[in-house]
Amino acid sequence: MPEPVRRLGSKDLGRALDLSPTEVLPLLDQARLLKSDYTPWRDTFRQRSIVLLFEKPSLRTRVSFEIGFAKFGGTAVYLDHQGSPIGLRETIADYGRNLERWCDCIVARVMKHTTIDGLAASAEIPVINALSDLHHPCQALADFLTLVERGFDFQHDRLAWIGDGNNVCHSLIEMAATVGCGITVITPPGAEPDATVLRDAQARACRSGANIEITNDPARVAGAFAVYTDTWTSMGQAVDPARLKGFAPYQVNGALMAKAGPKALFMHCLPAHRGQEVTDQVIDSPNSVVFDQAENRMHAQNALLLNLIGTPSNDPLARNARAHARASE
Ligand code: CP
Ligand code: NVA
């Protein structure tokens with residue numbers, strides 16, 4: 001049975017910037033290997049377990065983690081927190097300190113990103129952000145896997161994001177900044193990405209050479225390798241009809257894709273709101289790779305899991321002994 005190949009510098013994956021440039025490309029390579037054949041890895045996580053804590057609904061993330069971990073022989077336990085946020089029944093820190101005694105990794109989908117930080121600070125085991133109000137790093141890993149499969153060239157090609165400057169957009173910007181590719185973010189006025197996320201991504205981009213452009217002009221899709229959009233109202237946000245009116249020129253429809261060019265791919269993290277941010281004609285076109293993105297969630301996350309929890313230093317017995325020692329300090 002092959003050993004997991006390497007550890008990541010960070011214990012957790014809270015945001016895409018937690019991965020260094022030298023970690024992303026090997027992760028994508030590993031994901032491609034897994035995608036071609038899981039057989040050598042089928043017992044890697046036998047008797048290991050992960051817990052999935054979800055404060056919001058999910059199709060892709062839940063299924064890809066549950067089925068993905070089973071491919072390694074491991075067990076995934078799902079905890080539904082949609083009716084009761086983590087931290088309500090007991091503190092977030094106590095939650096983390098319980099879970100680290102039983103399982104090898106926490107995968108959490110949360111309302112507030114601070115919950116991810118709280119879990120990561122309290123538990124010695126890795127915490128993977130499965131979507132927060134600010135970030136969706138697993139999605140960005142899968143998206144870059146999809147782009148690489150389609151021949152995306154980090155040096156010369158450019159991505160265009162159009163719509164809301166939201167959590168998925170933030171992770172895409174951070175991943176682009178990390179791998180050093182160009183990204184144009186096109187939003188209605190007032191829907192630009194978070195200023196702190198942008199500042200942090202720009203700092204990474206200065207080192208990687210990535211070009212991050214922020215604009216309100218939909219015509220800037222021209223020449224992009226892929227046009228990416230997402231819902232205009234994310235989970236946990238109130239629907240605001242006045243705000244949504246401003247999004248109309250940013251719908252990805254046939255006319256917008258024609259501006260991008262005949263080869264431009266269409267991307268969406270899903271779920272899509274057909275007729276709102278994207279038309280049926282575009283999402284069902286041959287240039288649409290949305291279901292490849294969905295499939296690749298599993299392979300990208302599995303590569304991540306191999307690198308986060310696979311090493312002997314994370315052996316459950318040793319880990320519990322360390323946690324015990326810490327508690328009695
Ligand atoms: N893209 C994504 O995270 O999908 P789910 O909300 O269904 O998990
Ligand atoms: N921006 C969306 C992504 C869903 C996967 C949301 O947060 O609801």
# chains A, B, ... in the order shown; residues from 1 in each chain; ligands from 1

$ residues_around --residues "Val168 (chain A)" --least-positions-apart "4" --cutoff "8 Å" --atoms "only C-alpha atoms" --output "list in words"
Leu134, His135, His136, Pro137, Gln139, Ala140, Leu172, Asp230 and Cys269 of chain A

$ write_last_selection --atoms "all heavy atoms" --output "JSON list (two decimals), in the first residue's frame"
[["chain", "number", "residue", "atom", "x", "y", "z"],
["A", 134, "LEU", "N", -16.82, 33.33, 3.87],
["A", 134, "LEU", "CA", -15.71, 33.99, 3.18],
["A", 134, "LEU", "C", -14.95, 33.14, 2.16],
["A", 134, "LEU", "O", -14.35, 33.68, 1.24],
["A", 134, "LEU", "CB", -14.70, 34.50, 4.22],
["A", 134, "LEU", "CG", -15.06, 35.78, 4.95],
["A", 134, "LEU", "CD1", -13.97, 36.13, 5.97],
["A", 134, "LEU", "CD2", -15.23, 36.94, 3.97],
["A", 135, "HIS", "N", -14.93, 31.83, 2.37],
["A", 135, "HIS", "CA", -14.03, 31.01, 1.54],
["A", 135, "HIS", "C", -14.65, 29.65, 1.18],
["A", 135, "HIS", "O", -15.47, 29.12, 1.93],
["A", 135, "HIS", "CB", -12.71, 30.73, 2.30],
["A", 135, "HIS", "CG", -11.94, 31.96, 2.65],
["A", 135, "HIS", "ND1", -11.16, 32.64, 1.73],
["A", 135, "HIS", "CD2", -11.83, 32.65, 3.81],
["A", 135, "HIS", "CE1", -10.60, 33.68, 2.32],
["A", 135, "HIS", "NE2", -10.99, 33.72, 3.58],
["A", 136, "HIS", "N", -14.17, 29.11, 0.05],
["A", 136, "HIS", "CA", -14.55, 27.74, -0.36],
["A", 136, "HIS", "C", -13.32, 27.10, -1.04],
["A", 136, "HIS", "O", -13.31, 26.85, -2.24],
["A", 136, "HIS", "CB", -15.74, 27.81, -1.32],
["A", 136, "HIS", "CG", -16.50, 26.52, -1.45],
["A", 136, "HIS", "ND1", -16.18, 25.38, -0.74],
["A", 136, "HIS", "CD2", -17.58, 26.20, -2.21],
["A", 136, "HIS", "CE1", -17.03, 24.42, -1.07],
["A", 136, "HIS", "NE2", -17.88, 24.89, -1.95],
["A", 137, "PRO", "N", -12.28, 26.83, -0.25],
["A", 137, "PRO", "CA", -11.01, 26.39, -0.85],
["A", 137, "PRO", "C", -11.08, 25.05, -1.57],
["A", 137, "PRO", "O", -10.35, 24.85, -2.56],
["A", 137, "PRO", "CB", -10.05, 26.33, 0.35],
["A", 137, "PRO", "CG", -10.93, 26.20, 1.55],
["A", 137, "PRO", "CD", -12.19, 26.93, 1.22],
["A", 139, "GLN", "N", -13.48, 23.93, -3.32],
["A", 139, "GLN", "CA", -14.03, 24.21, -4.65],
["A", 139, "GLN", "C", -12.93, 24.73, -5.57],
["A", 139, "GLN", "O", -12.80, 24.29, -6.72],
["A", 139, "GLN", "CB", -15.16, 25.25, -4.52],
["A", 139, "GLN", "CG", -15.84, 25.58, -5.82],
["A", 139, "GLN", "CD", -16.66, 24.42, -6.36],
["A", 139, "GLN", "OE1", -17.48, 23.86, -5.66],
["A", 139, "GLN", "NE2", -16.43, 24.04, -7.61],
["A", 140, "ALA", "N", -12.10, 25.63, -5.06],
["A", 140, "ALA", "CA", -11.05, 26.21, -5.92],
["A", 140, "ALA", "C", -10.03, 25.15, -6.34],
["A", 140, "ALA", "O", -9.55, 25.16, -7.48],
["A", 140, "ALA", "CB", -10.35, 27.36, -5.18],
["A", 172, "LEU", "N", -11.16, 31.46, -5.50],
["A", 172, "LEU", "CA", -10.60, 31.42, -6.85],
["A", 172, "LEU", "C", -9.50, 32.48, -7.01],
["A", 172, "LEU", "O", -8.44, 32.21, -7.60],
["A", 172, "LEU", "CB", -11.73, 31.66, -7.86],
["A", 172, "LEU", "CG", -11.59, 30.93, -9.18],
["A", 172, "LEU", "CD1", -11.65, 29.43, -9.01],
["A", 172, "LEU", "CD2", -12.67, 31.40, -10.14],
["A", 230, "ASP", "N", -21.49, 32.29, -10.21],
["A", 230, "ASP", "CA", -22.10, 31.60, -9.07],
["A", 230, "ASP", "C", -23.41, 32.33, -8.75],
["A", 230, "ASP", "O", -23.69, 33.41, -9.32],
["A", 230, "ASP", "CB", -21.13, 31.63, -7.88],
["A", 230, "ASP", "CG", -21.64, 30.88, -6.65],
["A", 230, "ASP", "OD1", -22.56, 30.05, -6.78],
["A", 230, "ASP", "OD2", -21.11, 31.13, -5.54],
["A", 269, "CYS", "N", -19.81, 26.62, -9.71],
["A", 269, "CYS", "CA", -19.59, 25.66, -8.62],
["A", 269, "CYS", "C", -20.83, 24.81, -8.37],
["A", 269, "CYS", "O", -20.73, 23.74, -7.78],
["A", 269, "CYS", "CB", -19.20, 26.40, -7.35],
["A", 269, "CYS", "SG", -20.44, 27.60, -6.82]]

$ select_by_dssp --residues "region 197-302 of chain A" --states "alpha helix (DSSP H)" --output "PyMOL selection string"
chain A and resi 197-208+241-245+254-260+280-283+290-302

$ closest_residue --among "A:Ser49, A:Thr229, A:Ser285, A:Asn307" --to "ligand 1" --atoms "only C-alpha atoms and all ligand atoms"
A:Thr229

$ residues_near_ligand --ligand "ligand 1" --cutoff "10 Å" --atoms "only C-alpha atoms and all ligand atoms" --output "VMD selection string"
chain A and resid 54 56 to 65 109 130 to 131 136 to 140 142 168 230 234 to 235 268 to 272 290 293 to 294 297

$ write_last_selection --atoms "N, CA and C atoms" --output "CSV table (one decimal), in the first residue's frame"
chain,number,residue,atom,x,y,z
A,54,PHE,N,-22.1,20.2,9.2
A,54,PHE,CA,-22.7,21.1,8.2
A,54,PHE,C,-23.8,22.0,8.8
A,56,LYS,N,-25.1,24.3,6.8
A,56,LYS,CA,-25.8,24.7,5.6
A,56,LYS,C,-26.0,23.5,4.8
A,57,PRO,N,-27.0,23.5,3.8
A,57,PRO,CA,-27.3,22.4,3.0
A,57,PRO,C,-26.1,22.1,2.0
A,58,SER,N,-26.1,20.9,1.5
A,58,SER,CA,-25.0,20.5,0.5
A,58,SER,C,-25.4,19.3,-0.3
A,59,LEU,N,-25.1,19.3,-1.5
A,59,LEU,CA,-25.1,18.0,-2.3
A,59,LEU,C,-23.7,17.6,-2.6
A,60,ARG,N,-23.0,18.4,-3.4
A,60,ARG,CA,-21.7,18.0,-3.8
A,60,ARG,C,-20.6,17.8,-2.7
A,61,THR,N,-20.6,18.7,-1.8
A,61,THR,CA,-19.5,18.6,-0.8
A,61,THR,C,-19.7,17.4,0.1
A,62,ARG,N,-21.0,17.2,0.6
A,62,ARG,CA,-21.2,16.1,1.5
A,62,ARG,C,-20.9,14.8,0.8
A,63,VAL,N,-21.5,14.6,-0.4
A,63,VAL,CA,-21.4,13.3,-1.1
A,63,VAL,C,-19.9,13.1,-1.5
A,64,SER,N,-19.2,14.1,-2.0
A,64,SER,CA,-17.9,13.9,-2.4
A,64,SER,C,-16.9,13.6,-1.3
A,65,PHE,N,-17.2,14.1,-0.1
A,65,PHE,CA,-16.3,13.7,1.1
A,65,PHE,C,-16.7,12.4,1.6
A,109,ARG,N,-18.7,23.0,7.3
A,109,ARG,CA,-19.4,24.0,6.5
A,109,ARG,C,-20.1,24.9,7.4
A,130,ALA,N,-15.3,23.5,4.5
A,130,ALA,CA,-16.1,23.0,3.4
A,130,ALA,C,-17.1,24.1,2.9
A,131,LEU,N,-16.8,25.3,3.1
A,131,LEU,CA,-17.5,26.5,2.7
A,131,LEU,C,-17.9,27.3,4.0
A,136,HIS,N,-14.2,29.1,0.0
A,136,HIS,CA,-14.5,27.7,-0.4
A,136,HIS,C,-13.3,27.1,-1.0
A,137,PRO,N,-12.3,26.8,-0.2
A,137,PRO,CA,-11.0,26.4,-0.8
A,137,PRO,C,-11.1,25.0,-1.6
A,138,CYS,N,-11.9,24.1,-1.1
A,138,CYS,CA,-12.0,22.8,-1.8
A,138,CYS,C,-12.6,23.0,-3.2
A,139,GLN,N,-13.5,23.9,-3.3
A,139,GLN,CA,-14.0,24.2,-4.6
A,139,GLN,C,-12.9,24.7,-5.6
A,140,ALA,N,-12.1,25.6,-5.1
A,140,ALA,CA,-11.0,26.2,-5.9
A,140,ALA,C,-10.0,25.1,-6.3
A,142,ALA,N,-10.7,22.0,-6.8
A,142,ALA,CA,-11.3,21.2,-7.9
A,142,ALA,C,-11.4,22.0,-9.2
A,168,VAL,N,-16.9,31.8,-3.1
A,168,VAL,CA,-16.2,31.0,-4.2
A,168,VAL,C,-15.3,31.9,-5.0
A,230,ASP,N,-21.5,32.3,-10.2
A,230,ASP,CA,-22.1,31.6,-9.1
A,230,ASP,C,-23.4,32.3,-8.8
A,234,SER,N,-26.0,34.1,-1.8
A,234,SER,CA,-25.4,32.9,-1.2
A,234,SER,C,-26.2,32.5,0.0
A,235,MET,N,-26.0,31.2,0.4
A,235,MET,CA,-26.7,30.7,1.5
A,235,MET,C,-26.4,31.5,2.8
A,268,HIS,N,-19.1,26.9,-13.1
A,268,HIS,CA,-20.1,27.2,-12.1
A,268,HIS,C,-19.9,26.2,-11.0
A,269,CYS,N,-19.8,26.6,-9.7
A,269,CYS,CA,-19.6,25.7,-8.6
A,269,CYS,C,-20.8,24.8,-8.4
A,270,LEU,N,-22.0,25.3,-8.8
A,270,LEU,CA,-23.3,24.7,-8.6
A,270,LEU,C,-23.6,24.7,-7.1
A,271,PRO,N,-24.9,24.8,-6.6
A,271,PRO,CA,-26.1,24.7,-7.5
A,271,PRO,C,-26.3,26.0,-8.3
A,272,ALA,N,-26.8,25.8,-9.6
A,272,ALA,CA,-27.0,26.9,-10.5
A,272,ALA,C,-28.5,27.4,-10.3
A,290,VAL,N,-19.3,22.2,-15.9
A,290,VAL,CA,-19.8,22.3,-14.5
A,290,VAL,C,-19.8,20.9,-13.8
A,293,GLN,N,-16.3,19.8,-12.9
A,293,GLN,CA,-16.0,20.5,-11.6
A,293,GLN,C,-16.5,19.7,-10.4
A,294,ALA,N,-17.8,19.3,-10.6
A,294,ALA,CA,-18.5,18.6,-9.5
A,294,ALA,C,-17.7,17.3,-9.2
A,297,ARG,N,-14.4,17.6,-7.4
A,297,ARG,CA,-14.4,17.9,-6.0
A,297,ARG,C,-13.8,16.7,-5.2

$ residues_around --residues "region 120-127 of chain A" --least-positions-apart "4" --cutoff "6 Å" --atoms "only C-alpha atoms" --output "MDAnalysis selection string"
chainID A and resid 11:12 93 96:97 100 104:107

$ closest_residue --among "A:Glu90, A:Glu55, A:Asp157, A:Asp217" --to "Ser132 (chain A)" --atoms "only C-alpha atoms"
A:Glu55

$ select_by_dssp --residues "region 125-236 of chain A" --states "strand (DSSP E)" --output "list in words"
Val127, Ile128, Asn129, Arg158, Leu159, Ala160, Trp161, Ile162, Gly182, Ile183, Thr184, Val185, Ile186, Ile212, Glu213, Ile214, Thr215, Ala226, Val227, Tyr228 and Thr229 of chain A

$ atom_distance --atom1 "CA of Leu28 (chain A)" --atom2 "CA of Pro193 (chain A)"
25.6 Å

$ closest_residue --among "A:Ala242, A:Leu198, A:Leu265, A:Leu52" --to "Thr75 (chain A)" --atoms "only C-alpha atoms"
A:Leu52

$ closest_residue --among "A:Ala16, A:Val221, A:Ile86, A:Ile50" --to "Arg101 (chain A)" --atoms "only C-alpha atoms"
A:Ile50

$ residues_around --residues "region 300-305 of chain A" --least-positions-apart "4" --cutoff "8 Å" --atoms "only C-alpha atoms" --output "list in words"
Leu27, Leu28, Gln30, Ala31, Leu34, Phe65, Gly68, Phe69, Cys138, Leu141, Ala142, Leu145, Asn296, Ile309 and Gly310 of chain A

$ write_last_selection --atoms "C-alpha atoms" --output "PDB file, in the first residue's frame"
ATOM      1  CA  LEU A  27      -1.833  18.243  -5.020  1.00  0.00           C
ATOM      2  CA  LEU A  28      -3.350  18.620  -8.475  1.00  0.00           C
ATOM      3  CA  GLN A  30      -1.983  13.614  -7.018  1.00  0.00           C
ATOM      4  CA  ALA A  31      -5.669  14.273  -7.688  1.00  0.00           C
ATOM      5  CA  LEU A  34      -6.265   9.212  -7.901  1.00  0.00           C
ATOM      6  CA  PHE A  65     -16.346  13.749   1.079  1.00  0.00           C
ATOM      7  CA  GLY A  68     -14.367   9.966  -1.358  1.00  0.00           C
ATOM      8  CA  PHE A  69     -13.241   8.851   2.101  1.00  0.00           C
ATOM      9  CA  CYS A 138     -12.011  22.812  -1.765  1.00  0.00           C
ATOM     10  CA  LEU A 141      -8.796  23.137  -5.827  1.00  0.00           C
ATOM     11  CA  ALA A 142     -11.334  21.186  -7.889  1.00  0.00           C
ATOM     12  CA  LEU A 145      -7.914  20.577 -11.460  1.00  0.00           C
ATOM     13  CA  ASN A 296     -13.315  16.771  -9.423  1.00  0.00           C
ATOM     14  CA  ILE A 309      -4.003  13.109   7.657  1.00  0.00           C
ATOM     15  CA  GLY A 310      -2.005  10.275   6.246  1.00  0.00           C
TER      16      GLY A 310
END

$ closest_residue --among "A:His299, A:Arg199, A:Lys35, A:Arg204" --to "Pro21 (chain A)" --atoms "only C-alpha atoms"
A:Arg204

$ atom_distance --atom1 "atom 4 (C, counted along the ligand's line) of ligand 2" --atom2 "CA of Thr231 (chain A)"
7.4 Å

$ residues_around --residues "region 273-278 of chain A" --least-positions-apart "2" --cutoff "9 Å" --atoms "only C-alpha atoms" --output "ChimeraX atom specification"
/A:163,229-232,247-248,250-253,270-271,280-283

$ write_last_selection --atoms "all heavy atoms" --output "compact mmCIF listing (two decimals), in the first residue's frame"
# COMPACT_ATOMS: atom_id res chain seq x y z
N GLY A 163 -20.15 38.27 -11.66
CA GLY A 163 -21.28 38.14 -10.73
C GLY A 163 -20.92 38.70 -9.38
O GLY A 163 -20.33 39.77 -9.28
N THR A 229 -19.23 31.80 -13.01
CA THR A 229 -20.19 32.56 -12.21
C THR A 229 -20.74 31.69 -11.09
O THR A 229 -20.47 30.48 -11.02
CB THR A 229 -21.34 33.13 -13.07
OG1 THR A 229 -22.06 34.10 -12.29
CG2 THR A 229 -22.31 32.05 -13.53
N ASP A 230 -21.49 32.29 -10.21
CA ASP A 230 -22.10 31.60 -9.07
C ASP A 230 -23.41 32.33 -8.75
O ASP A 230 -23.69 33.41 -9.32
CB ASP A 230 -21.13 31.63 -7.88
CG ASP A 230 -21.64 30.88 -6.65
OD1 ASP A 230 -22.56 30.05 -6.78
OD2 ASP A 230 -21.11 31.13 -5.54
N THR A 231 -24.15 31.78 -7.82
CA THR A 231 -25.41 32.40 -7.41
C THR A 231 -25.21 33.87 -7.03
O THR A 231 -24.14 34.25 -6.55
CB THR A 231 -26.01 31.63 -6.20
OG1 THR A 231 -27.22 32.25 -5.83
CG2 THR A 231 -25.07 31.65 -5.00
N TRP A 232 -26.24 34.66 -7.22
CA TRP A 232 -26.16 36.07 -6.82
C TRP A 232 -26.55 36.26 -5.35
O TRP A 232 -26.35 37.33 -4.79
CB TRP A 232 -27.08 36.92 -7.72
CG TRP A 232 -26.60 36.97 -9.15
CD1 TRP A 232 -25.34 36.73 -9.61
CD2 TRP A 232 -27.39 37.30 -10.31
NE1 TRP A 232 -25.29 36.87 -10.98
CE2 TRP A 232 -26.53 37.23 -11.43
CE3 TRP A 232 -28.73 37.64 -10.52
CZ2 TRP A 232 -26.96 37.49 -12.73
CZ3 TRP A 232 -29.17 37.91 -11.81
CH2 TRP A 232 -28.28 37.83 -12.90
N PHE A 247 -27.70 43.14 -11.00
CA PHE A 247 -26.92 42.01 -11.53
C PHE A 247 -27.31 41.64 -12.96
O PHE A 247 -26.58 40.88 -13.62
CB PHE A 247 -27.09 40.78 -10.62
CG PHE A 247 -26.20 40.79 -9.40
CD1 PHE A 247 -26.51 41.58 -8.30
CD2 PHE A 247 -25.04 40.02 -9.35
CE1 PHE A 247 -25.69 41.60 -7.17
CE2 PHE A 247 -24.21 40.03 -8.24
CZ PHE A 247 -24.54 40.82 -7.14
N ALA A 248 -28.44 42.16 -13.45
CA ALA A 248 -28.94 41.71 -14.76
C ALA A 248 -27.88 41.77 -15.88
O ALA A 248 -27.73 40.81 -16.65
CB ALA A 248 -30.18 42.51 -15.13
N TYR A 250 -24.96 41.19 -15.76
CA TYR A 250 -23.85 40.27 -15.46
C TYR A 250 -24.29 38.81 -15.64
O TYR A 250 -23.56 37.89 -15.27
CB TYR A 250 -23.33 40.53 -14.03
CG TYR A 250 -22.80 41.96 -13.90
CD1 TYR A 250 -23.66 43.02 -13.64
CD2 TYR A 250 -21.45 42.23 -14.09
CE1 TYR A 250 -23.20 44.32 -13.56
CE2 TYR A 250 -20.97 43.53 -14.01
CZ TYR A 250 -21.86 44.58 -13.75
OH TYR A 250 -21.36 45.86 -13.68
N GLN A 251 -25.49 38.60 -16.20
CA GLN A 251 -25.93 37.23 -16.46
C GLN A 251 -25.04 36.59 -17.53
O GLN A 251 -24.69 37.24 -18.53
CB GLN A 251 -27.38 37.23 -16.97
CG GLN A 251 -27.91 35.81 -17.17
CD GLN A 251 -29.25 35.80 -17.90
OE1 GLN A 251 -29.36 36.28 -19.04
NE2 GLN A 251 -30.26 35.28 -17.23
N VAL A 252 -24.69 35.32 -17.33
CA VAL A 252 -23.90 34.62 -18.35
C VAL A 252 -24.89 33.99 -19.33
O VAL A 252 -25.53 32.98 -19.05
CB VAL A 252 -22.96 33.57 -17.73
CG1 VAL A 252 -22.11 32.93 -18.82
CG2 VAL A 252 -22.07 34.22 -16.68
N ASN A 253 -25.03 34.63 -20.47
CA ASN A 253 -25.95 34.16 -21.52
C ASN A 253 -25.17 34.04 -22.84
O ASN A 253 -23.93 34.25 -22.87
CB ASN A 253 -27.14 35.11 -21.65
CG ASN A 253 -26.69 36.56 -21.76
OD1 ASN A 253 -25.63 36.81 -22.34
ND2 ASN A 253 -27.45 37.49 -21.20
N LEU A 270 -22.00 25.31 -8.79
CA LEU A 270 -23.31 24.66 -8.55
C LEU A 270 -23.64 24.70 -7.06
O LEU A 270 -22.72 24.62 -6.26
CB LEU A 270 -23.34 23.23 -9.10
CG LEU A 270 -23.02 23.07 -10.59
CD1 LEU A 270 -23.09 21.58 -10.96
CD2 LEU A 270 -23.96 23.89 -11.46
N PRO A 271 -24.89 24.80 -6.65
CA PRO A 271 -26.07 24.74 -7.49
C PRO A 271 -26.27 26.02 -8.31
O PRO A 271 -26.00 27.12 -7.83
CB PRO A 271 -27.22 24.56 -6.49
CG PRO A 271 -26.72 25.18 -5.22
CD PRO A 271 -25.24 24.95 -5.21
N ASP A 280 -29.96 28.40 -19.53
CA ASP A 280 -29.87 26.98 -19.89
C ASP A 280 -28.93 26.79 -21.08
O ASP A 280 -28.14 25.84 -21.12
CB ASP A 280 -31.25 26.45 -20.29
CG ASP A 280 -32.17 26.27 -19.10
OD1 ASP A 280 -31.67 26.18 -17.96
OD2 ASP A 280 -33.40 26.24 -19.30
N GLN A 281 -29.05 27.70 -22.05
CA GLN A 281 -28.26 27.57 -23.27
C GLN A 281 -26.75 27.48 -22.95
O GLN A 281 -26.04 26.67 -23.54
CB GLN A 281 -28.52 28.81 -24.16
CG GLN A 281 -27.82 28.80 -25.50
CD GLN A 281 -27.62 30.22 -26.05
OE1 GLN A 281 -28.10 31.20 -25.48
NE2 GLN A 281 -26.90 30.32 -27.16
N VAL A 282 -26.30 28.26 -21.97
CA VAL A 282 -24.87 28.28 -21.65
C VAL A 282 -24.49 27.08 -20.78
O VAL A 282 -23.52 26.38 -21.06
CB VAL A 282 -24.49 29.60 -20.95
CG1 VAL A 282 -23.08 29.53 -20.38
CG2 VAL A 282 -24.61 30.76 -21.94
N ILE A 283 -25.27 26.84 -19.74
CA ILE A 283 -24.86 25.77 -18.81
C ILE A 283 -24.96 24.39 -19.46
O ILE A 283 -24.23 23.46 -19.10
CB ILE A 283 -25.66 25.85 -17.48
CG1 ILE A 283 -24.94 25.04 -16.39
CG2 ILE A 283 -27.09 25.44 -17.63
CD1 ILE A 283 -25.48 25.25 -14.99

$ residues_around --residues "Ala205 (chain A)" --least-positions-apart "3" --cutoff "7 Å" --atoms "only C-alpha atoms" --output "PyMOL selection string"
chain A and resi 177-178+180+201-202+208-211

$ atom_distance --atom1 "CA of Ala160 (chain A)" --atom2 "CA of Val227 (chain A)"
4.9 Å
